[in-house]
$ cat upload_11.cif   # mmCIF, N, CA and C atoms
data_run
loop_
_atom_site.label_atom_id
_atom_site.label_comp_id
_atom_site.auth_asym_id
_atom_site.auth_seq_id
_atom_site.Cartn_x
_atom_site.Cartn_y
_atom_site.Cartn_z
N MET A 1 16.05 -35.34 -0.99
CA MET A 1 15.94 -35.89 0.34
C MET A 1 15.07 -34.96 1.16
N THR A 2 14.31 -35.51 2.04
CA THR A 2 13.39 -34.69 2.82
C THR A 2 14.08 -34.08 4.03
N GLU A 3 13.41 -33.17 4.65
CA GLU A 3 13.94 -32.50 5.83
C GLU A 3 13.99 -33.44 7.04
N SER A 4 13.32 -34.57 6.99
CA SER A 4 13.23 -35.45 8.15
C SER A 4 14.58 -35.99 8.61
N PHE A 5 15.56 -36.07 7.70
CA PHE A 5 16.84 -36.63 8.10
C PHE A 5 17.63 -35.68 8.99
N LYS A 6 17.20 -34.46 9.17
CA LYS A 6 17.94 -33.47 9.94
C LYS A 6 17.70 -33.53 11.45
N THR A 7 16.85 -34.42 11.92
CA THR A 7 16.55 -34.46 13.34
C THR A 7 17.82 -34.69 14.14
N PRO A 8 18.29 -33.68 14.90
CA PRO A 8 19.56 -33.81 15.58
C PRO A 8 19.47 -34.50 16.93
N ALA A 9 20.47 -35.31 17.22
CA ALA A 9 20.58 -35.91 18.54
C ALA A 9 21.26 -34.92 19.47
N CYS A 10 22.17 -34.16 18.91
CA CYS A 10 22.89 -33.15 19.67
C CYS A 10 23.08 -31.93 18.77
N PRO A 11 22.15 -30.99 18.81
CA PRO A 11 22.22 -29.84 17.90
C PRO A 11 23.54 -29.09 17.96
N ALA A 12 24.15 -28.99 19.12
CA ALA A 12 25.40 -28.25 19.24
C ALA A 12 26.52 -28.89 18.43
N LEU A 13 26.48 -30.22 18.31
CA LEU A 13 27.50 -30.92 17.55
C LEU A 13 27.10 -31.15 16.10
N GLY A 14 25.83 -30.94 15.79
CA GLY A 14 25.37 -31.17 14.43
C GLY A 14 25.28 -32.63 14.06
N ILE A 15 25.01 -33.49 15.03
CA ILE A 15 24.91 -34.92 14.77
C ILE A 15 23.46 -35.30 14.56
N SER A 16 23.24 -36.07 13.52
CA SER A 16 21.89 -36.49 13.17
C SER A 16 21.64 -37.91 13.68
N THR A 17 20.44 -38.17 14.14
CA THR A 17 20.09 -39.53 14.53
C THR A 17 19.38 -40.20 13.38
N MET A 18 19.83 -41.35 13.02
CA MET A 18 19.19 -42.17 11.99
C MET A 18 18.87 -41.39 10.71
N PRO A 19 19.86 -40.84 10.04
CA PRO A 19 19.58 -40.07 8.83
C PRO A 19 19.02 -40.93 7.69
N PHE A 20 19.07 -42.26 7.84
CA PHE A 20 18.61 -43.16 6.79
C PHE A 20 17.34 -43.91 7.16
N GLN A 21 16.68 -43.50 8.22
CA GLN A 21 15.51 -44.22 8.72
C GLN A 21 14.43 -44.36 7.65
N GLN A 22 14.26 -43.36 6.81
CA GLN A 22 13.22 -43.44 5.78
C GLN A 22 13.51 -44.53 4.75
N TYR A 23 14.74 -45.05 4.74
CA TYR A 23 15.12 -46.11 3.80
C TYR A 23 15.10 -47.48 4.47
N ALA A 24 14.57 -47.57 5.67
CA ALA A 24 14.53 -48.82 6.42
C ALA A 24 13.94 -50.00 5.65
N PRO A 25 12.90 -49.80 4.83
CA PRO A 25 12.36 -50.95 4.10
C PRO A 25 13.35 -51.59 3.12
N PHE A 26 14.41 -50.88 2.76
CA PHE A 26 15.34 -51.36 1.76
C PHE A 26 16.63 -51.96 2.33
N PHE A 27 16.80 -51.86 3.64
CA PHE A 27 18.03 -52.33 4.28
C PHE A 27 17.70 -53.15 5.51
N GLU A 28 18.59 -54.05 5.85
CA GLU A 28 18.50 -54.79 7.11
C GLU A 28 18.88 -53.83 8.24
N PRO A 29 18.42 -54.11 9.47
CA PRO A 29 18.75 -53.22 10.60
C PRO A 29 20.26 -53.01 10.78
N GLU A 30 21.05 -54.07 10.60
CA GLU A 30 22.50 -53.94 10.75
C GLU A 30 23.08 -53.03 9.68
N GLU A 31 22.51 -53.10 8.47
CA GLU A 31 22.97 -52.25 7.39
C GLU A 31 22.66 -50.79 7.67
N LEU A 32 21.48 -50.52 8.21
CA LEU A 32 21.14 -49.15 8.60
C LEU A 32 22.09 -48.64 9.67
N ASP A 33 22.43 -49.51 10.61
CA ASP A 33 23.40 -49.12 11.65
C ASP A 33 24.74 -48.75 11.03
N THR A 34 25.17 -49.53 10.03
CA THR A 34 26.44 -49.26 9.36
C THR A 34 26.39 -47.95 8.58
N LEU A 35 25.28 -47.71 7.87
CA LEU A 35 25.14 -46.46 7.12
C LEU A 35 25.18 -45.27 8.07
N THR A 36 24.48 -45.39 9.19
CA THR A 36 24.44 -44.31 10.18
C THR A 36 25.82 -44.10 10.81
N ALA A 37 26.51 -45.19 11.12
CA ALA A 37 27.85 -45.08 11.69
C ALA A 37 28.81 -44.43 10.69
N ALA A 38 28.69 -44.78 9.41
CA ALA A 38 29.54 -44.16 8.38
C ALA A 38 29.23 -42.67 8.27
N PHE A 39 27.94 -42.33 8.31
CA PHE A 39 27.53 -40.92 8.26
C PHE A 39 28.14 -40.15 9.43
N ASN A 40 27.97 -40.66 10.64
CA ASN A 40 28.45 -39.97 11.84
C ASN A 40 29.97 -39.85 11.86
N ALA A 41 30.67 -40.92 11.48
CA ALA A 41 32.13 -40.89 11.47
C ALA A 41 32.65 -39.92 10.42
N THR A 42 32.04 -39.92 9.25
CA THR A 42 32.46 -39.00 8.19
C THR A 42 32.15 -37.56 8.57
N TRP A 43 30.99 -37.36 9.19
CA TRP A 43 30.61 -36.01 9.63
C TRP A 43 31.63 -35.47 10.62
N GLU A 44 32.03 -36.28 11.57
CA GLU A 44 33.03 -35.86 12.55
C GLU A 44 34.35 -35.51 11.87
N GLU A 45 34.74 -36.30 10.88
CA GLU A 45 35.98 -36.03 10.16
C GLU A 45 35.87 -34.72 9.37
N LEU A 46 34.73 -34.49 8.75
CA LEU A 46 34.52 -33.23 8.03
C LEU A 46 34.58 -32.03 8.97
N ARG A 47 33.95 -32.16 10.12
CA ARG A 47 33.97 -31.07 11.11
C ARG A 47 35.39 -30.78 11.56
N ALA A 48 36.18 -31.82 11.77
CA ALA A 48 37.54 -31.66 12.26
C ALA A 48 38.48 -31.11 11.17
N SER A 49 38.06 -31.21 9.91
CA SER A 49 38.92 -30.78 8.80
C SER A 49 38.98 -29.27 8.64
N GLY A 50 38.16 -28.54 9.36
CA GLY A 50 38.16 -27.08 9.22
C GLY A 50 37.21 -26.59 8.15
N LEU A 51 36.35 -27.45 7.70
CA LEU A 51 35.35 -27.09 6.70
C LEU A 51 34.47 -25.96 7.23
N ASP A 52 34.12 -25.03 6.37
CA ASP A 52 33.28 -23.90 6.78
C ASP A 52 31.86 -24.39 7.04
N LEU A 53 31.52 -24.50 8.31
CA LEU A 53 30.19 -24.91 8.75
C LEU A 53 29.62 -23.82 9.65
N SER A 54 29.75 -22.58 9.19
CA SER A 54 29.42 -21.43 10.01
C SER A 54 27.93 -21.09 10.05
N SER A 55 27.13 -21.75 9.23
CA SER A 55 25.70 -21.46 9.27
C SER A 55 24.89 -22.76 9.24
N LYS A 56 23.67 -22.66 9.71
CA LYS A 56 22.78 -23.81 9.71
C LYS A 56 22.53 -24.30 8.29
N ASP A 57 22.44 -23.39 7.33
CA ASP A 57 22.22 -23.76 5.94
C ASP A 57 23.39 -24.58 5.39
N LYS A 58 24.62 -24.18 5.71
CA LYS A 58 25.80 -24.92 5.25
C LYS A 58 25.83 -26.30 5.87
N ILE A 59 25.52 -26.39 7.15
CA ILE A 59 25.50 -27.67 7.84
C ILE A 59 24.46 -28.59 7.19
N THR A 60 23.28 -28.06 6.94
CA THR A 60 22.21 -28.84 6.32
C THR A 60 22.63 -29.33 4.94
N LEU A 61 23.23 -28.45 4.14
CA LEU A 61 23.66 -28.81 2.80
C LEU A 61 24.71 -29.93 2.83
N VAL A 62 25.72 -29.78 3.67
CA VAL A 62 26.79 -30.78 3.75
C VAL A 62 26.23 -32.10 4.25
N LYS A 63 25.36 -32.07 5.25
CA LYS A 63 24.77 -33.32 5.75
C LYS A 63 23.94 -34.00 4.67
N ARG A 64 23.20 -33.22 3.92
CA ARG A 64 22.38 -33.79 2.84
C ARG A 64 23.28 -34.44 1.79
N GLN A 65 24.34 -33.74 1.39
CA GLN A 65 25.27 -34.30 0.40
C GLN A 65 25.95 -35.55 0.93
N LEU A 66 26.34 -35.52 2.18
CA LEU A 66 26.98 -36.68 2.80
C LEU A 66 26.04 -37.88 2.80
N ALA A 67 24.82 -37.69 3.24
CA ALA A 67 23.85 -38.79 3.27
C ALA A 67 23.61 -39.34 1.86
N GLN A 68 23.51 -38.46 0.88
CA GLN A 68 23.29 -38.90 -0.50
C GLN A 68 24.47 -39.72 -1.01
N ARG A 69 25.69 -39.29 -0.71
CA ARG A 69 26.88 -40.03 -1.16
C ARG A 69 26.92 -41.42 -0.55
N ILE A 70 26.60 -41.50 0.72
CA ILE A 70 26.60 -42.81 1.40
C ILE A 70 25.52 -43.70 0.81
N LEU A 71 24.35 -43.15 0.57
CA LEU A 71 23.26 -43.93 -0.04
C LEU A 71 23.64 -44.43 -1.43
N VAL A 72 24.27 -43.61 -2.22
CA VAL A 72 24.69 -44.03 -3.57
C VAL A 72 25.67 -45.19 -3.46
N SER A 73 26.64 -45.08 -2.57
CA SER A 73 27.61 -46.17 -2.40
C SER A 73 26.93 -47.45 -1.94
N ALA A 74 25.97 -47.31 -1.05
CA ALA A 74 25.30 -48.50 -0.50
C ALA A 74 24.32 -49.12 -1.49
N THR A 75 23.63 -48.30 -2.27
CA THR A 75 22.62 -48.85 -3.17
C THR A 75 23.23 -49.21 -4.53
N ALA A 76 23.79 -48.26 -5.22
CA ALA A 76 24.34 -48.52 -6.55
C ALA A 76 25.61 -49.37 -6.50
N GLY A 77 26.42 -49.12 -5.47
CA GLY A 77 27.69 -49.84 -5.35
C GLY A 77 27.63 -51.09 -4.51
N GLY A 78 26.56 -51.25 -3.74
CA GLY A 78 26.43 -52.43 -2.88
C GLY A 78 27.39 -52.44 -1.70
N VAL A 79 27.97 -51.30 -1.37
CA VAL A 79 28.96 -51.22 -0.29
C VAL A 79 28.25 -51.28 1.06
N ARG A 80 28.76 -52.12 1.95
CA ARG A 80 28.19 -52.24 3.29
C ARG A 80 29.26 -52.13 4.39
N ASP A 81 30.49 -51.89 3.99
CA ASP A 81 31.60 -51.77 4.93
C ASP A 81 31.74 -50.32 5.37
N LEU A 82 31.77 -50.10 6.69
CA LEU A 82 31.82 -48.75 7.25
C LEU A 82 32.99 -47.95 6.72
N GLU A 83 34.18 -48.50 6.75
CA GLU A 83 35.37 -47.75 6.31
C GLU A 83 35.31 -47.42 4.83
N THR A 84 34.81 -48.35 4.01
CA THR A 84 34.69 -48.08 2.58
C THR A 84 33.65 -47.01 2.32
N LEU A 85 32.52 -47.07 3.00
CA LEU A 85 31.49 -46.04 2.86
C LEU A 85 32.05 -44.67 3.23
N LYS A 86 32.77 -44.64 4.33
CA LYS A 86 33.35 -43.38 4.80
C LYS A 86 34.37 -42.85 3.80
N LYS A 87 35.25 -43.72 3.33
CA LYS A 87 36.30 -43.33 2.38
C LYS A 87 35.69 -42.81 1.07
N GLN A 88 34.68 -43.52 0.56
CA GLN A 88 34.05 -43.09 -0.68
C GLN A 88 33.31 -41.76 -0.50
N ALA A 89 32.67 -41.58 0.64
CA ALA A 89 31.96 -40.32 0.90
C ALA A 89 32.96 -39.16 0.98
N MET A 90 34.05 -39.36 1.68
CA MET A 90 35.07 -38.30 1.80
C MET A 90 35.66 -37.98 0.43
N ARG A 91 35.93 -39.00 -0.35
CA ARG A 91 36.51 -38.79 -1.68
C ARG A 91 35.55 -38.02 -2.58
N SER A 92 34.28 -38.42 -2.57
CA SER A 92 33.32 -37.76 -3.46
C SER A 92 32.98 -36.34 -2.99
N LEU A 93 33.01 -36.11 -1.69
CA LEU A 93 32.73 -34.77 -1.18
C LEU A 93 33.96 -33.86 -1.23
N GLY A 94 35.12 -34.46 -1.22
CA GLY A 94 36.36 -33.70 -1.15
C GLY A 94 36.54 -32.65 -2.21
N GLY A 95 36.12 -32.93 -3.43
CA GLY A 95 36.31 -31.97 -4.51
C GLY A 95 35.44 -30.74 -4.38
N GLY A 96 34.25 -30.90 -3.81
CA GLY A 96 33.32 -29.78 -3.73
C GLY A 96 33.34 -29.04 -2.42
N LEU A 97 34.06 -29.56 -1.45
CA LEU A 97 34.08 -28.93 -0.13
C LEU A 97 35.52 -28.62 0.25
N ARG A 98 35.73 -27.38 0.67
CA ARG A 98 37.07 -26.97 1.07
C ARG A 98 37.05 -26.40 2.48
N PRO A 99 38.16 -26.57 3.20
CA PRO A 99 38.22 -25.95 4.52
C PRO A 99 38.03 -24.44 4.40
N GLU A 100 37.51 -23.85 5.45
CA GLU A 100 37.22 -22.41 5.47
C GLU A 100 38.44 -21.58 5.08
N SER A 101 39.63 -22.00 5.52
CA SER A 101 40.84 -21.22 5.24
C SER A 101 41.21 -21.23 3.76
N GLU A 102 40.72 -22.19 2.97
CA GLU A 102 41.04 -22.27 1.56
C GLU A 102 39.97 -21.65 0.67
N GLN A 103 38.85 -21.23 1.23
CA GLN A 103 37.78 -20.69 0.41
C GLN A 103 38.13 -19.26 -0.01
N MET A 104 37.81 -18.97 -1.26
CA MET A 104 38.07 -17.64 -1.79
C MET A 104 36.74 -16.90 -1.88
N TYR A 105 36.75 -15.68 -1.42
CA TYR A 105 35.56 -14.86 -1.46
C TYR A 105 35.68 -13.87 -2.60
N VAL A 106 34.57 -13.40 -3.11
CA VAL A 106 34.54 -12.50 -4.24
C VAL A 106 35.42 -11.28 -3.99
N SER A 107 35.37 -10.70 -2.80
CA SER A 107 36.15 -9.50 -2.50
C SER A 107 37.65 -9.79 -2.53
N GLU A 108 38.07 -11.03 -2.20
CA GLU A 108 39.47 -11.38 -2.23
C GLU A 108 39.97 -11.61 -3.65
N ALA A 109 39.07 -12.10 -4.52
CA ALA A 109 39.46 -12.44 -5.89
C ALA A 109 39.62 -11.19 -6.74
N ALA A 110 38.98 -10.10 -6.38
CA ALA A 110 39.00 -8.88 -7.20
C ALA A 110 40.27 -8.09 -7.05
#

$ encode --input "upload_11.cif" --output "structure tokens"
Amino acid sequence: MTESFKTPACPALGISTMPFQQYAPFFEPEELDTLTAAFNATWEELRASGLDLSSKDKITLVKRQLAQRILVSATAGGVRDLETLKKQAMRSLGGGLRPESEQMYVSEAA
């Protein structure tokens, strides 16, 4: 995915505007709205979960993974329902992302 999807509407909140705009030729406008709404709703839920988003690099990585998961559900799975997109994205990201309080650091493991 290119860097273009990172254009923030509100940098302080880490919210992206139209992260799927480059895929506009493949979706109807309403579908793009749904993908974007699923992205924003899932992002807010991830932020509220206590996930470690302490650096710009981590935020960029999580947003990229989130957008990719939503795109896979929408393209390969044909999903167009906001709640289903959100649920599938959370489920697929859940295994690889842990809240900051649950992360183990090398110094703690030794």

$ residues_around --input "upload_11.cif" --residues "A:Phe27" --least-positions-apart "2" --cutoff "12 Å" --atoms "only C-alpha atoms" --output "VMD selection string"
chain A and resid 20 to 25 29 to 36 71 74 to 75 78 to 80

$ atom_distance --input "upload_11.cif" --atom1 "atom CA of A:Leu85" --atom2 "atom CA of A:Asp57"
24.3 Å

$ atom_distance --input "upload_11.cif" --atom1 "atom N of A:Leu93" --atom2 "atom CA of A:Glu45"
12.2 Å

$ resolve_selection --input "upload_11.cif" --expression "the PyMOL selection byres ((chain A and resi 39) around 8)" --output "list in words"
Ser16, Pro19, Asp33, Thr34, Leu35, Thr36, Ala37, Ala38, Asn40, Ala41, Thr42, Trp43, Glu44, Glu45, Leu66, Ala67, Ile70, Leu82, Leu85 and Lys86 of chain A

$ axis_aligned_box --input "upload_11.cif" --around "stretch 41-53 of chain A" --padding-each-side "8 Å" --output "lines of an AutoDock Vina configuration file"
center_x = 34.3
center_y = -32.4
center_z = 9.5
size_x = 25.4
size_y = 33.1
size_z = 22.2

$ atom_distance --input "upload_11.cif" --atom1 "atom C of A:Ser73" --atom2 "atom N of A:Gly94"
15.4 Å

$ select_by_dssp --input "upload_11.cif" --residues "stretch 35-106 of chain A" --states "helix (DSSP H, G or I)" --output "MDAnalysis selection string"
chainID A and resid 35:48 56:75 82:94 100:102 106

$ decode --input "upload_11.cif" --residues "stretch 14-108 of chain A" --atoms "C-alpha atoms" --output "compact mmCIF listing (two decimals), in the first residue's frame"
# COMPACT_ATOMS: atom_id res chain seq x y z
CA GLY A 14 -4.64 9.66 13.96
CA ILE A 15 -7.71 9.60 11.74
CA SER A 16 -7.22 9.14 8.04
CA THR A 17 -9.46 10.65 5.38
CA MET A 18 -10.47 8.33 2.59
CA PRO A 19 -7.84 5.61 3.12
CA PHE A 20 -9.37 3.71 0.17
CA GLN A 21 -9.55 6.54 -2.36
CA GLN A 22 -6.96 4.91 -4.62
CA TYR A 23 -9.38 1.98 -5.01
CA ALA A 24 -12.27 4.19 -6.16
CA PRO A 25 -12.38 2.65 -9.67
CA PHE A 26 -13.24 -0.73 -8.11
CA PHE A 27 -16.03 0.34 -5.74
CA GLU A 28 -19.23 2.35 -5.85
CA PRO A 29 -19.14 5.64 -3.88
CA GLU A 30 -21.41 4.17 -1.17
CA GLU A 31 -19.10 1.18 -0.84
CA LEU A 32 -16.09 3.46 -0.39
CA ASP A 33 -18.02 5.32 2.30
CA THR A 34 -18.70 2.02 4.06
CA LEU A 35 -15.05 0.92 3.84
CA THR A 36 -13.93 4.27 5.23
CA ALA A 37 -16.54 4.17 8.01
CA ALA A 38 -15.41 0.63 8.94
CA PHE A 39 -11.78 1.79 8.96
CA ASN A 40 -12.53 4.80 11.18
CA ALA A 41 -14.77 2.86 13.59
CA THR A 42 -12.25 0.04 13.93
CA TRP A 43 -9.40 2.52 14.38
CA GLU A 44 -11.26 4.21 17.22
CA GLU A 45 -11.89 0.84 18.86
CA LEU A 46 -8.21 -0.10 18.54
CA ARG A 47 -7.16 3.22 20.06
CA ALA A 48 -9.56 2.75 22.97
CA SER A 49 -8.29 -0.80 23.58
CA GLY A 50 -4.98 0.42 25.00
CA LEU A 51 -2.96 -0.74 22.03
CA ASP A 52 0.59 0.62 22.02
CA LEU A 53 0.43 3.50 19.54
CA SER A 54 3.27 5.46 21.07
CA SER A 55 5.08 6.27 17.83
CA LYS A 56 4.21 7.50 14.37
CA ASP A 57 5.72 4.31 12.91
CA LYS A 58 3.44 2.09 15.02
CA ILE A 59 0.40 4.15 14.06
CA THR A 60 1.31 3.92 10.37
CA LEU A 61 1.86 0.16 10.59
CA VAL A 62 -1.44 -0.51 12.37
CA LYS A 63 -3.37 1.73 9.97
CA ARG A 64 -1.79 -0.01 6.99
CA GLN A 65 -2.67 -3.45 8.39
CA LEU A 66 -6.19 -2.31 9.21
CA ALA A 67 -6.79 -0.94 5.71
CA GLN A 68 -5.41 -4.14 4.16
CA ARG A 69 -7.68 -6.34 6.30
CA ILE A 70 -10.74 -4.32 5.34
CA LEU A 71 -9.79 -4.44 1.66
CA VAL A 72 -9.34 -8.22 1.79
CA SER A 73 -12.77 -8.65 3.37
CA ALA A 74 -14.36 -6.34 0.82
CA THR A 75 -12.64 -7.74 -2.27
CA ALA A 76 -12.00 -11.44 -1.64
CA GLY A 77 -14.94 -11.88 0.72
CA GLY A 78 -17.39 -9.51 -0.96
CA VAL A 79 -18.29 -8.01 2.43
CA ARG A 80 -19.99 -4.61 2.27
CA ASP A 81 -21.58 -4.43 5.72
CA LEU A 82 -19.89 -1.98 8.10
CA GLU A 83 -20.26 -4.10 11.23
CA THR A 84 -19.04 -7.25 9.49
CA LEU A 85 -16.03 -5.42 8.03
CA LYS A 86 -15.22 -4.03 11.45
CA LYS A 87 -15.65 -7.38 13.20
CA GLN A 88 -13.49 -9.22 10.66
CA ALA A 89 -10.78 -6.55 10.83
CA MET A 90 -10.70 -6.69 14.64
CA ARG A 91 -10.60 -10.48 14.60
CA SER A 92 -7.78 -10.67 12.06
CA LEU A 93 -5.75 -7.94 13.76
CA GLY A 94 -6.42 -9.21 17.26
CA GLY A 95 -3.84 -11.97 17.19
CA GLY A 96 -0.97 -9.76 16.12
CA LEU A 97 -1.76 -6.68 18.17
CA ARG A 98 -1.77 -6.51 21.94
CA PRO A 99 -2.52 -3.70 24.34
CA GLU A 100 0.58 -1.92 25.62
CA SER A 101 0.10 -3.40 29.11
CA GLU A 102 0.33 -6.97 27.72
CA GLN A 103 3.44 -6.47 25.58
CA MET A 104 6.60 -8.14 26.79
CA TYR A 105 9.91 -6.43 26.28
CA VAL A 106 13.24 -8.20 25.92
CA SER A 107 14.51 -6.83 29.25
CA GLU A 108 11.41 -8.19 31.04
